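K.L.:
Before anything else, here's the structure in question.
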Amino acid sequence: MARLRLFASAREAAGRGRDELSGATVREVLETACSRYGQDFTMLLETCQVWCNGEPAASDMPVGDDDEIAVLPPVSGG
């Protein structure tokens, strides 16, 4: 199971900042997260950056038990 880290509004939409989810690829882990956290999280995910182990992640990137996927919403402010 990959570790999922959620930040800012993604954390708020999911109701938690960390989780462990199954999936063989980044896409599968995020699909599991969308099923678990619901429509608000799913809609927000469309605007987020996704990283795996500190690097930008492609949706078809394979993941394993030691991998960490981070969901980073857009940052606003001045």
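Labels for the structure tokens follow display order: chains A, B, ..., residues from 1 in each chain, ligands from 1.
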Residues within 9 Å of Gly38 in chain A, please, as a ChimeraX atom specification. Count only C-alpha atoms; anything in the same chain fewer than 5 positions from it doesn't count.
P.N.:
/A:13-14,33,43
K.L.:
Report as a PyMOL selection string all protein, DNA and RNA residues lying within 9 Å of Arg5 in chain A, evaluated on only C-alpha atoms, omitting residues in the same chain fewer than 3 positions from it.
P.N.:
chain A and resi 11+16-20+68-72
K.L.:
Which value, in Å to one decimal, gives the distance between CA of Leu45 in chain A and CA of Gly23 in chain A?
P.N.:
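CA of Gly23 in chain A lies 16.9 Å from CA of Leu45 in chain A.
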K.L.:
Using only C-alpha atoms, pick whichever of A:Asn53, A:Thr42, A:Ser59, A:Thr47 has the shortest atom-to-atom distance to Val29 in chain A.
P.N.:
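Residue with the minimum atom-to-atom distance to Val29 in chain A: A:Ser59.
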K.L.:
Have a look at A:Met61, A:Arg3, A:Ala10, A:Val26 and name the one nearest to Gln39 in chain A; count only C-alpha atoms.
P.N.:
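Ranking A:Met61, A:Arg3, A:Ala10, A:Val26 by distance to Gln39 in chain A, first place goes to A:Ala10.
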K.L.:
Can you tell me, as a list in words, what residues are no more than 7 Å from Gly64 in chain A when counting only C-alpha atoms, ignoring any on the same chain fewer than 3 positions away?
P.N.:
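My list of contacting residues is Met1, Ala2, Ala24 and Asp67 of chain A.
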K.L.:
Mind dumping the selected residues with N, CA and C atoms as a tab-separated table (two decimals), in the first residue's frame?
P.N.:
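Generated output (result-v1.tsv):
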```
chain	number	residue	atom	x	y	z
A	1	MET	N	0.84	-1.17	0.00
A	1	MET	CA	0.00	0.00	0.00
A	1	MET	C	0.88	1.24	0.00
A	2	ALA	N	0.58	2.15	-0.89
A	2	ALA	CA	1.34	3.41	-0.98
A	2	ALA	C	0.83	4.37	0.10
A	24	ALA	N	-1.54	-0.17	-8.02
A	24	ALA	CA	-0.27	-0.49	-8.66
A	24	ALA	C	0.36	0.72	-9.35
A	67	ASP	N	6.50	3.81	-1.42
A	67	ASP	CA	6.33	5.07	-2.14
A	67	ASP	C	5.34	5.99	-1.44
```
K.L.:
Which of these, A:Leu44, A:Ala57, A:Cys34, A:Cys52, has the shortest distance to Pro73 in chain A once you count only C-alpha atoms?
P.N.:
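Of A:Leu44, A:Ala57, A:Cys34, A:Cys52, the one nearest Pro73 in chain A is A:Leu44, counting only C-alpha atoms.
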K.L.:
Using DSSP on the backbone, list every residue of chain A that comes out as strand (DSSP E or B), and give them as a list in words.
P.N.:
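Strand (DSSP E or B) assignments inside chain A correspond to Ala2, Arg3, Leu4, Arg5, Leu6, Arg18, Asp19, Glu20, Leu21, Thr25, Gln49, Val50, Trp51, Cys52, Glu55, Pro56, Pro62, Glu68, Ile69, Ala70, Val71 and Leu72 of chain A.
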K.L.:
Taking into account only C-alpha atoms, which residue in the set A:Glu46, A:Phe7, A:Trp51, A:Asp40 is nearest to Val63 in chain A?
P.N.:
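The answer is A:Trp51, which sits nearest to Val63 in chain A.
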